[in-house]
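Reviewing the structure listed below.
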Amino acid sequence: MSNCLLLSRLGLLILGWLGVSCDGPSVSSQSVASADGSTLRMRTEYWPADTVTHSADTVVHVPATYRLSWVTKSLNDNAVLDTVQDDKGKFLIAGHNYETKLQAWHNSQPLFTTTLTKELLGSPEEVAAYSWHSITYQGYRKEEFIFHAWMSIPDSDIGWEGEIAVDKSGQPRLVRLLDAATDE
């Protein structure tokens with residue numbers, strides 16, 4: 001067997017073990033702790049691998065000129081779990097975490113590279129069930145680049161919005177949370 005074929009089969013075996021499918025969500029079961037501490041087996045639907053990236057860039061004149069470029073991509077980790085119910089009963093949806101890599105240049109010289117994640121909008125416990133979705137540039141205020149961020153519970157329209165500032169050294173911070181919202 002050729003090395004390429006062996007690696008290909010090994011990759012498919014690993015993806016299958018992780019619950020990743022090429023043609024849609026795969027289904028398996030997972031142990032979940034119940035409220036009384038006992039362990040339950042629950043059906044789990046895993047999101048397929050997401051290879052789509054979302055990128056954008058802008059040039060900011062304030063009076064100096066900055067170029068910002070950002071790319072949002074999936075971590076393909078099936079780590080965002082949400083309990084839902086259908087006609088077969090309760091089950092888990094396992095979605096992906098996403099992150100945004102933000103880069104800035106000033107006078108064609110690299111200024112910073114930083115990574116933005118959902119943890120900017122809340123503690124890991126608060127945002128565990130949410131998936132980072134989009135980030136858009138809003139403007140420049142008080143020596144900081146301002147972005148609008150959105151995250152939601154997978155396969156729902158329940159989400160949070162926030163305003164994030166990134167200073168010229170690449171340090172991000174939450175400016176404010178906007179009302180919890182639905183994407184309608």
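Chains: A, B, ... in order of the structure tokens. Residues: from 1 per chain. Ligands: from 1, in order shown.
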Within 10 Å of Glu143 (chain A) using only C-alpha atoms, minus same-chain residues under 2 positions, as number ranges by chain: A: 62, 140-141, 145-146, 165-168
Long-range neighbours of region 54-61 of chain A as number ranges by chain, 12 Å cut-off, only C-alpha atoms, 5 positions minimum in chain: A: 66-74, 98-108, 133-141, 143-147
For region 117-129 of chain A: contacts at 12 Å, only C-alpha atoms, fewer than 5 positions along chain excluded, given as an MDAnalysis selection string: chainID A and resid 71:75 78:84 92:102 134:135 147:156 158:166 171:180
Two-atom distance - CA of Lys90 (chain A), CA of Arg41 (chain A) (Å):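 Interatomic distance here is 10.6 Å.
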DSSP strand (DSSP E or B) residues within region 37-173 of chain A, listed as a PyMOL selection string: chain A and resi 39-46+54-61+65-74+80-86+89-95+98-106+109-116+131-141+144-152+158-167+172-173
Atomic separation - CA of Pro48 (chain A) relative to CA of Asp77 (chain A), Å: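 Going from CA of Asp77 (chain A) over to CA of Pro48 (chain A) covers 9.9 Å.
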CA of Thr113 (chain A) to CA of Ser169 (chain A), straight-line distance in Å: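 Answer for the CA of Ser169 (chain A) to CA of Thr113 (chain A) separation: 8.7 Å.
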In region 33-175 of chain A, DSSP alpha helix (DSSP H) residues written as a PyMOL selection string: chain A and resi 124-127
Surrounding residues of Gly89 (chain A) excluding itself and chain neighbours under 6 positions, 12 Å, only C-alpha atoms, as a PyMOL selection string: chain A and resi 42-44+83
Expected file contents, prior selection, N, CA and C atoms, as a short mmCIF file (atom, residue, chain, number, x, y, z; two decimals), in the first residue's frame:
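Result saved to selection-v9.cif:
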```cif
data_model
loop_
_atom_site.label_atom_id
_atom_site.label_comp_id
_atom_site.auth_asym_id
_atom_site.auth_seq_id
_atom_site.Cartn_x
_atom_site.Cartn_y
_atom_site.Cartn_z
N MET A 42 -26.06 9.82 25.66
CA MET A 42 -26.92 10.70 24.88
C MET A 42 -26.46 10.71 23.43
N ARG A 43 -27.42 10.67 22.54
CA ARG A 43 -27.13 10.78 21.11
C ARG A 43 -26.49 12.13 20.84
N THR A 44 -25.46 12.15 20.00
CA THR A 44 -24.74 13.38 19.69
C THR A 44 -24.62 13.52 18.18
N THR A 83 -27.69 20.99 24.29
CA THR A 83 -28.72 19.96 24.40
C THR A 83 -30.00 20.46 23.75
#
```
